[in-house]
Every structure is written in structure tokens, then in C-alpha cells.
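Student: Provided herewith: structure09.tsv, TSV, C-alpha atoms.
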```tsv
chain	number	residue	atom	x	y	z
A	1	MET	CA	-31.16	9.15	11.53
A	2	GLN	CA	-30.25	12.77	11.96
A	3	ASN	CA	-31.51	15.45	9.63
A	4	GLN	CA	-29.19	16.71	6.95
A	5	PRO	CA	-27.36	19.89	8.02
A	6	LYS	CA	-28.61	23.19	6.79
A	7	PHE	CA	-25.43	24.18	5.00
A	8	ARG	CA	-26.68	27.71	4.43
A	9	ASP	CA	-26.65	28.33	8.18
A	10	PRO	CA	-24.09	31.15	8.62
A	11	GLU	CA	-23.11	29.83	12.07
A	12	TRP	CA	-21.30	26.71	10.81
A	13	THR	CA	-17.88	27.06	12.40
A	14	ILE	CA	-15.10	24.49	12.16
A	15	ILE	CA	-15.73	23.09	15.64
A	16	LYS	CA	-19.51	22.87	15.17
A	17	LEU	CA	-19.08	21.13	11.85
A	18	LEU	CA	-16.59	18.63	13.31
A	19	LYS	CA	-18.96	17.77	16.17
A	20	TRP	CA	-21.95	17.33	13.87
A	21	THR	CA	-20.05	15.29	11.29
A	22	THR	CA	-18.56	13.02	13.96
A	23	SER	CA	-22.04	12.27	15.28
A	24	PHE	CA	-23.37	11.76	11.75
A	25	PHE	CA	-20.60	9.31	10.89
A	26	LYS	CA	-21.20	7.40	14.14
A	27	SER	CA	-24.87	7.00	13.23
A	28	HIS	CA	-23.75	5.42	9.94
A	29	ASP	CA	-21.15	3.10	11.56
A	30	ILE	CA	-18.21	4.80	9.90
A	31	ASP	CA	-14.87	3.80	11.43
A	32	SER	CA	-12.90	6.48	13.30
A	33	PRO	CA	-15.64	9.10	12.88
A	34	ARG	CA	-13.78	12.00	14.50
A	35	SER	CA	-10.50	11.55	12.67
A	36	THR	CA	-12.39	10.97	9.41
A	37	ALA	CA	-14.25	14.25	9.88
A	38	GLU	CA	-10.97	16.03	10.59
A	39	ILE	CA	-9.22	14.60	7.54
A	40	LEU	CA	-12.06	15.50	5.19
A	41	LEU	CA	-12.54	19.00	6.56
A	42	SER	CA	-8.83	19.79	6.59
A	43	HIS	CA	-8.70	18.60	2.96
A	44	VAL	CA	-11.50	20.98	1.97
A	45	LEU	CA	-9.95	23.91	3.83
A	46	LYS	CA	-6.38	23.02	2.76
A	47	LEU	CA	-5.23	23.04	6.38
A	48	LYS	CA	-3.29	20.68	8.59
A	49	ARG	CA	-5.49	18.80	11.05
A	50	ILE	CA	-3.96	20.62	14.01
A	51	ASP	CA	-4.90	23.95	12.40
A	52	LEU	CA	-8.58	23.04	12.64
A	53	TYR	CA	-8.34	23.50	16.39
A	54	LEU	CA	-6.30	26.66	16.14
A	55	ARG	CA	-9.11	28.12	14.04
A	56	TYR	CA	-12.01	26.28	15.69
A	57	ASP	CA	-14.34	29.31	15.66
A	58	GLN	CA	-13.71	30.14	11.98
A	59	PRO	CA	-16.96	30.06	9.95
A	60	LEU	CA	-17.07	28.31	6.59
A	61	CYS	CA	-18.24	29.99	3.41
A	62	LEU	CA	-20.99	28.45	1.29
A	63	ASN	CA	-18.53	27.06	-1.25
A	64	GLU	CA	-16.54	25.27	1.47
A	65	LEU	CA	-19.71	23.88	3.03
A	66	SER	CA	-20.86	22.60	-0.34
A	67	LYS	CA	-17.55	20.83	-1.00
A	68	PHE	CA	-17.56	19.29	2.47
A	69	LYS	CA	-21.11	18.02	2.00
A	70	VAL	CA	-20.01	16.17	-1.15
A	71	LEU	CA	-17.17	14.47	0.74
A	72	ILE	CA	-19.48	13.45	3.58
A	73	LYS	CA	-21.81	11.81	1.07
A	74	ARG	CA	-18.94	9.92	-0.57
A	75	ARG	CA	-17.77	8.59	2.78
A	76	ILE	CA	-21.29	7.55	3.81
A	77	GLU	CA	-21.34	5.52	0.60
A	78	ARG	CA	-18.24	3.79	1.99
A	79	GLU	CA	-15.70	5.23	-0.38
A	80	PRO	CA	-12.32	5.04	1.41
A	81	VAL	CA	-10.97	8.28	2.84
A	82	ALA	CA	-7.69	7.80	0.95
A	83	TYR	CA	-9.50	7.77	-2.41
A	84	ILE	CA	-11.59	10.78	-1.43
A	85	VAL	CA	-8.61	12.97	-0.52
A	86	GLY	CA	-6.28	11.30	-3.06
A	87	VAL	CA	-3.43	10.63	-0.66
A	88	LYS	CA	-2.30	8.04	1.89
A	89	GLU	CA	0.66	8.08	4.25
A	90	PHE	CA	2.98	5.07	4.14
A	91	TRP	CA	6.40	4.87	5.77
A	92	SER	CA	6.10	8.60	6.59
A	93	MET	CA	5.62	9.42	2.91
A	94	ASP	CA	2.47	10.99	1.49
A	95	LEU	CA	1.60	8.94	-1.58
A	96	ALA	CA	-0.94	9.79	-4.24
A	97	VAL	CA	-3.58	7.05	-4.48
A	98	THR	CA	-6.28	6.34	-7.05
A	99	LYS	CA	-8.68	3.49	-7.70
A	100	ASP	CA	-6.07	2.04	-10.06
A	101	ALA	CA	-4.12	0.62	-7.10
A	102	LEU	CA	-4.67	-0.75	-3.62
A	103	ILE	CA	-4.47	1.67	-0.72
A	104	PRO	CA	-1.20	0.96	1.15
A	105	ARG	CA	-1.83	-0.85	4.45
A	106	PRO	CA	0.08	-0.48	7.75
A	107	GLU	CA	0.81	-4.22	7.83
A	108	THR	CA	2.67	-3.94	4.52
A	109	GLU	CA	5.30	-1.86	6.32
A	110	CYS	CA	6.36	-5.24	7.78
A	111	LEU	CA	7.36	-6.25	4.25
A	112	VAL	CA	9.51	-3.12	4.02
A	113	GLU	CA	11.09	-3.87	7.40
A	114	ALA	CA	11.94	-7.41	6.30
A	115	ALA	CA	13.60	-6.12	3.14
A	116	LEU	CA	15.61	-3.52	5.04
A	117	SER	CA	16.86	-6.19	7.44
A	118	LEU	CA	18.50	-7.88	4.45
A	119	LEU	CA	19.93	-4.61	3.16
A	120	PRO	CA	22.04	-3.40	6.09
A	121	GLU	CA	22.93	0.25	6.06
A	122	ASP	CA	26.51	0.82	4.96
A	123	LYS	CA	28.21	2.86	7.67
A	124	SER	CA	31.75	1.98	6.71
A	125	SER	CA	33.98	4.64	5.19
A	126	ASP	CA	36.30	2.05	3.64
A	127	VAL	CA	35.43	-0.34	0.81
A	128	LYS	CA	31.86	0.11	-0.35
A	129	PRO	CA	29.91	-3.06	-1.27
A	130	ALA	CA	28.46	-3.28	-4.74
A	131	PRO	CA	24.87	-2.03	-4.98
A	132	LYS	CA	22.21	-4.74	-5.03
A	133	SER	CA	19.59	-5.11	-7.73
A	134	ILE	CA	16.05	-5.21	-6.34
A	135	LEU	CA	12.77	-5.97	-8.16
A	136	GLU	CA	9.24	-5.46	-6.87
A	137	LEU	CA	6.42	-7.32	-8.60
A	138	GLY	CA	2.95	-5.74	-8.53
A	139	THR	CA	4.08	-2.35	-7.27
A	140	GLY	CA	0.66	-0.63	-7.29
A	141	SER	CA	1.16	2.89	-5.96
A	142	GLY	CA	4.89	2.21	-5.55
A	143	ALA	CA	4.64	2.33	-1.76
A	144	VAL	CA	6.92	-0.62	-0.95
A	145	ILE	CA	9.75	0.00	-3.41
A	146	LEU	CA	9.81	3.74	-2.63
A	147	ALA	CA	9.90	3.09	1.11
A	148	ILE	CA	12.89	0.78	0.67
A	149	ALA	CA	14.62	3.19	-1.69
A	150	SER	CA	14.10	6.04	0.79
A	151	MET	CA	16.10	4.11	3.38
A	152	ARG	CA	18.70	2.46	1.10
A	153	PRO	CA	19.09	4.82	-1.87
A	154	LYS	CA	22.40	3.41	-3.15
A	155	HIS	CA	20.90	0.22	-4.55
A	156	ILE	CA	19.38	-0.34	-8.01
A	157	TYR	CA	15.60	-0.58	-8.05
A	158	PHE	CA	13.05	-1.92	-10.53
A	159	ALA	CA	9.29	-2.26	-10.09
A	160	SER	CA	6.53	-3.60	-12.31
A	161	ASP	CA	2.76	-3.86	-12.47
A	162	ARG	CA	0.45	-5.27	-15.12
A	163	SER	CA	-1.74	-2.17	-14.86
A	164	VAL	CA	-0.50	0.71	-17.02
A	165	GLU	CA	-2.42	3.12	-14.79
A	166	ALA	CA	-0.75	1.74	-11.66
A	167	VAL	CA	2.70	2.07	-13.23
A	168	ARG	CA	1.90	5.67	-14.12
A	169	LEU	CA	0.73	6.34	-10.54
A	170	ALA	CA	3.87	4.76	-9.08
A	171	GLY	CA	6.00	6.88	-11.38
A	172	GLN	CA	4.22	10.00	-10.20
A	173	ASN	CA	4.87	9.07	-6.57
A	174	SER	CA	8.49	8.36	-7.39
A	175	LYS	CA	8.92	11.79	-8.91
A	176	ARG	CA	6.99	13.37	-6.03
A	177	HIS	CA	9.58	12.08	-3.57
A	178	GLY	CA	12.65	12.60	-5.73
A	179	PHE	CA	13.24	8.97	-6.73
A	180	ASP	CA	12.42	9.25	-10.43
A	181	THR	CA	16.05	8.44	-11.32
A	182	THR	CA	16.41	5.81	-8.55
A	183	VAL	CA	13.54	3.44	-9.41
A	184	SER	CA	12.77	2.14	-12.91
A	185	PHE	CA	9.10	1.25	-13.41
A	186	PHE	CA	7.76	-0.92	-16.22
A	187	CYS	CA	4.52	-2.64	-17.19
A	188	ALA	CA	4.59	-6.44	-16.90
A	189	ASP	CA	2.55	-9.46	-15.88
A	190	TRP	CA	4.89	-10.89	-13.24
A	191	PHE	CA	8.05	-12.22	-15.01
A	192	MET	CA	6.68	-12.17	-18.56
A	193	PRO	CA	8.99	-9.60	-20.25
A	194	LEU	CA	12.17	-10.71	-18.45
A	195	ASN	CA	14.51	-12.99	-20.30
A	196	CYS	CA	15.14	-15.95	-18.04
A	197	GLY	CA	18.75	-16.03	-16.93
A	198	ARG	CA	19.74	-12.78	-18.64
A	199	LYS	CA	18.55	-10.40	-15.94
A	200	ARG	CA	18.87	-11.49	-12.35
A	201	PHE	CA	18.24	-9.75	-9.06
A	202	ASP	CA	19.60	-9.91	-5.54
A	203	MET	CA	16.12	-9.45	-4.12
A	204	ILE	CA	12.59	-9.95	-5.44
A	205	ILE	CA	9.75	-8.61	-3.33
A	206	SER	CA	5.99	-8.66	-3.76
A	207	ASN	CA	2.64	-8.09	-2.08
A	208	PRO	CA	0.57	-10.12	-4.56
A	209	PRO	CA	-3.20	-10.78	-4.60
A	210	TYR	CA	-3.90	-13.44	-1.95
A	211	VAL	CA	-7.61	-13.19	-1.08
A	212	PRO	CA	-9.65	-16.27	-2.14
A	213	THR	CA	-12.22	-15.30	-4.77
A	214	ARG	CA	-15.13	-16.42	-2.59
A	215	ASP	CA	-14.01	-14.12	0.25
A	216	ILE	CA	-13.81	-10.85	-1.68
A	217	GLY	CA	-17.52	-10.08	-1.31
A	218	ARG	CA	-17.20	-10.61	2.44
A	219	LEU	CA	-14.61	-7.89	2.86
A	220	GLN	CA	-15.49	-4.41	4.03
A	221	PRO	CA	-17.49	-2.46	1.43
A	222	GLU	CA	-14.66	0.09	1.35
A	223	ILE	CA	-12.55	-2.69	-0.14
A	224	TYR	CA	-14.78	-4.76	-2.43
A	225	LYS	CA	-16.74	-1.79	-3.80
A	226	TYR	CA	-13.81	0.51	-4.56
A	227	GLU	CA	-10.38	-1.15	-4.61
A	228	PRO	CA	-9.24	-2.99	-7.77
A	229	VAL	CA	-10.36	-6.61	-7.59
A	230	SER	CA	-7.42	-7.69	-9.75
A	231	ALA	CA	-5.07	-6.59	-6.95
A	232	LEU	CA	-7.01	-8.64	-4.37
A	233	ASP	CA	-8.15	-11.84	-6.09
A	234	GLY	CA	-5.79	-14.74	-5.48
A	235	ASP	CA	-8.07	-17.20	-7.31
A	236	ARG	CA	-9.96	-20.09	-5.75
A	237	ASP	CA	-7.62	-20.80	-2.84
A	238	GLY	CA	-5.94	-17.37	-2.66
A	239	LEU	CA	-2.59	-18.95	-3.46
A	240	PHE	CA	-2.42	-18.74	-7.26
A	241	CYS	CA	-0.11	-15.71	-7.47
A	242	LEU	CA	1.97	-16.74	-4.47
A	243	ARG	CA	2.46	-20.19	-5.98
A	244	HIS	CA	3.48	-18.75	-9.36
A	245	ILE	CA	5.99	-16.31	-7.87
A	246	ILE	CA	7.56	-18.89	-5.56
A	247	ASN	CA	7.89	-21.46	-8.35
A	248	THR	CA	9.40	-18.94	-10.77
A	249	ALA	CA	11.40	-16.34	-8.83
A	250	HIS	CA	14.45	-18.53	-8.26
A	251	LEU	CA	15.13	-18.41	-12.02
A	252	TYR	CA	15.57	-14.63	-11.74
A	253	LEU	CA	17.56	-14.50	-8.51
A	254	ASN	CA	21.31	-14.26	-8.23
A	255	ARG	CA	23.18	-16.71	-6.07
A	256	ASN	CA	22.12	-16.14	-2.43
A	257	GLY	CA	19.31	-13.90	-3.69
A	258	SER	CA	16.23	-13.46	-1.51
A	259	LEU	CA	12.50	-13.63	-2.18
A	260	LEU	CA	10.14	-11.76	0.15
A	261	LEU	CA	6.35	-11.99	0.03
A	262	GLU	CA	3.39	-10.64	1.95
A	263	ILE	CA	0.83	-13.39	2.62
A	264	GLY	CA	-2.66	-13.74	4.08
A	265	HIS	CA	-3.01	-14.01	7.85
A	266	ASP	CA	-3.93	-17.73	7.69
A	267	GLN	CA	-1.73	-18.88	4.81
A	268	LYS	CA	1.52	-19.76	6.56
A	269	ASN	CA	1.14	-23.55	6.37
A	270	ASP	CA	0.01	-23.54	2.74
A	271	VAL	CA	2.82	-21.21	1.70
A	272	ARG	CA	5.35	-23.32	3.59
A	273	SER	CA	4.11	-26.37	1.68
A	274	ILE	CA	4.49	-24.57	-1.67
A	275	ILE	CA	8.06	-23.56	-0.77
A	276	ASP	CA	8.96	-27.10	0.28
A	277	GLN	CA	7.48	-28.59	-2.89
A	278	CYS	CA	9.38	-26.10	-5.03
A	279	GLY	CA	12.66	-27.17	-3.43
A	280	ASN	CA	14.69	-24.17	-4.59
A	281	TYR	CA	14.86	-22.18	-1.35
A	282	GLU	CA	16.37	-22.38	2.10
A	283	ASN	CA	16.48	-20.29	5.27
A	284	VAL	CA	12.71	-19.75	5.21
A	285	VAL	CA	11.53	-17.26	7.84
A	286	PHE	CA	7.99	-16.08	8.61
A	287	THR	CA	7.47	-12.70	10.31
A	288	LYS	CA	4.39	-11.56	12.19
A	289	ASP	CA	2.65	-8.25	11.62
A	290	TYR	CA	1.63	-5.74	14.30
A	291	SER	CA	-1.52	-7.77	15.02
A	292	GLY	CA	0.38	-11.00	15.59
A	293	TYR	CA	-0.44	-12.68	12.26
A	294	ASP	CA	2.18	-14.35	10.07
A	295	ARG	CA	2.32	-11.70	7.36
A	296	VAL	CA	5.72	-11.87	5.62
A	297	VAL	CA	7.80	-14.79	4.43
A	298	ARG	CA	11.38	-14.47	3.27
A	299	MET	CA	13.57	-17.17	1.78
A	300	LYS	CA	16.97	-17.49	0.14
A	301	LYS	CA	17.73	-19.18	-3.15
A	302	LYS	CA	19.59	-22.45	-2.66
A	303	LYS	CA	23.22	-22.45	-3.73
```
Is it possible to give me this structure as C-alpha cells?
Tutor:
Amino acid sequence: MQNQPKFRDPEWTIIKLLKWTTSFFKSHDIDSPRSTAEILLSHVLKLKRIDLYLRYDQPLCLNELSKFKVLIKRRIEREPVAYIVGVKEFWSMDLAVTKDALIPRPETECLVEAALSLLPEDKSSDVKPAPKSILELGTGSGAVILAIASMRPKHIYFASDRSVEAVRLAGQNSKRHGFDTTVSFFCADWFMPLNCGRKRFDMIISNPPYVPTRDIGRLQPEIYKYEPVSALDGDRDGLFCLRHIINTAHLYLNRNGSLLLEIGHDQKNDVRSIIDQCGNYENVVFTKDYSGYDRVVRMKKKK
């Protein structure tokens, strides 16, 4: 293992620090060591990553070196980069992230794409269709509902989470991107506060916990050590939340309303069986993610 850097060395320039940190991260099996070093250093210096190379020979002051050293230590301890810098990009939006919610994943953009495919963009200048009412369950940081709202702002959006802290975080992200009057957030455990039959939606969407309890400890340490277990744990078979939503959502959907869910990479057959046993949906379609796994299922309420 390499020696710790002498951070009082006055010759620590940006490029030297990037090279050393990249090597140090490699020796500790940190994923994407170069880009990780760039993200952390640009965060400390309040620069864009490209600016690091425009100022490659700029020396760092002792205060900057000290701050960077702290971030290196946090990453070596496997804390996710997103939690360290407090932000994660999703659907070209920079979202604030904290340990109160899962870090948005690239594969979840497939859930957004599936929703948008059912909400065609209105390009007609004649009669405008009535706005649709859309509910997201378990919104976390608000990534999914805000991504949809950014593309289809004329609809009516609601999003819930059982974590008060997550709802607060989602609200902050909503305000950050100018959607604080577009999306209504509320605290709820799935459908609990909704009066059955009184409030119905044209679309219900969710990325619920779907990891079997026994598998959580086998995930990357960045996940099981830092991300909220309650947002990961799908109970013994990983299907508890998916089963509950599928068996309940039809009661809160309008006629021809759609339910869209993100699922685990190996859960297609089990989810299909739950849908068939429920008997309240038709036009069931599974969509693969960028890695070729069945990641999203969408279905329509039977007439």
C-alpha cells in the first residue's frame, strides 16, 4: 500500500494530485478511480471537471488539501461518491442526495422512459386533452417523478414516501428545478392515507424495495453500509412490496389507468405470476434495461 501523501508539500498541483489519487484508489479497488478523483477534487475546488485540466498546474492551498484528504478517506471507506458530494445526476438533472434516500440509478431512467411512452407529447394546436393525474409511490429523492414532470409538465403530479426525511429531500429537489408548484409531495406508507375510490389516478408508478433480505449483505459495501435498508429490503423473497402494490393499485386507478414498476433483474416470471393471480390487469409489457435485464413492467387496469 502506498504511503499517505504529504499534504504539506507545496508542490501539490491539480494534475499531480489527480495522478496520485487515481493510483491510490486503484490500490484500494475503488471503481472508476480517475473519474472519482476528478469528481471529488472538483467538488473541493468548486470547479467543473473540465476546468481541472485547464488549471492542471495550479497548486492547492493547505485548506484545500486538508478537505480533499477527508473526502479520499470517506471514499476509501466505501461511502458512495454521491453522498460525499451531496448530488447525483439523473435525467440530466442535478439532484441533491442524502442517506435518507437511495441514490438514483441509470437503470431507473428506463422507468421514466416507459412512463413517457404512455404520456405522448401534445403537439397539436387544436383541442388539448385533459391533464392526467400521476402518482409515484416511494419517491425517495424525487428523481423519477421530477424527470417525468420535466418532460410532460402539463399533467398533475403526486408523490409519496413513508420517510419524512425523503419527502423533505424530494421537495427540495422539486423547488431546485422549479417544480414546487407542479408536484405535490406527501408522507405515506403506500396507499394508506388515500380513500379507496375517492381519489383515482391515470398512472401509478413505483421503484419499490425488491432485494431479498438475505441478499442485502451481499451487495456492494457502498450500498449495504450506506443506503437506507428500508428502501432496498423486499422481505424474504424480494416480492413483498411488488405484490402489495400490484394487488392494490387497481383500486386507485381510473379506467384504462396504468401501473408501472421497476423490478429486480431476475423477477420477471414471479412478477408475471403475481399479475396473473391478481387478475385485474391486461396488456402486460416487460421492458429491458440498458444491460439487457427485464427491469420495468407496465400493465393496464382491466375495463
Student: Could you list as a PyMOL selection string every residue that has an atom within 8 Å of (3.4, -7.4, -13.6), using the file's coordinates and counting all atoms listed in the file?
Tutor: chain A and resi 137-138+160-163+187-192
Student: Fewer than 6 positions away in the same chain doesn't count, so skip those; otherwise give me all residues within 8 Å of A:Asp233, counting all atoms listed in the file, as number ranges by chain.
Tutor: A: 209-213, 216
Student: Between A:Glu79, A:Asp57, A:Asp202, A:Asp94, which has the minimum distance to A:Glu227 (counting all atoms listed in the file)?
Tutor: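 Among A:Glu79, A:Asp57, A:Asp202, A:Asp94, it is A:Glu79 that comes nearest to A:Glu227.
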Student: Here is a test: counting all atoms listed in the file, which residue of A:Pro106, A:Gly142, A:Pro221, A:Gly178 is nearest to A:Ser206?
Tutor: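 Using all atoms listed in the file, the shortest distance to A:Ser206 belongs to A:Gly142.
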Student: To one decimal in Å, tell me the separation between atom CA of A:Ile145 and atom CA of A:Thr36.
Tutor: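 These two atoms are separated by 27.8 Å.
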Student: Could you name the residues that touch A:Ile156 at 10 Å or less, counting all atoms listed in the file, but leaving out those on the same chain fewer than 2 positions away, as a ChimeraX atom specification?
Tutor: /A:131-135,149,152-154,158,181-184,201-202
Student: Using all atoms listed in the file, which of the listed residues (A:Ala37, A:Val70, A:Ile14, A:Ala115) sits closest to A:Tyr56?
Tutor: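 Answer, going by the shortest atom-to-atom distance: A:Ile14.
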Student: Excluding stretch 269-281 of chain A and its own-chain neighbours fewer than 3 positions away, which residues fall within 7 Å of it when counting only C-alpha atoms? Please give them as a VMD selection string.
Tutor: chain A and resid 243 246 to 247 250 299 to 302
Student: Grab all the atoms of stretch 284-291 of chain A that the file lists, wrap them in a box along x, y and z, add 5 Å per side, and give me centre plus edge lengths in Å (one decimal) as JSON.
Tutor:
```
{"center_x": 5.6, "center_y": -12.7, "center_z": 10.1, "size_x": 24.2, "size_y": 24.0, "size_z": 19.8}
```
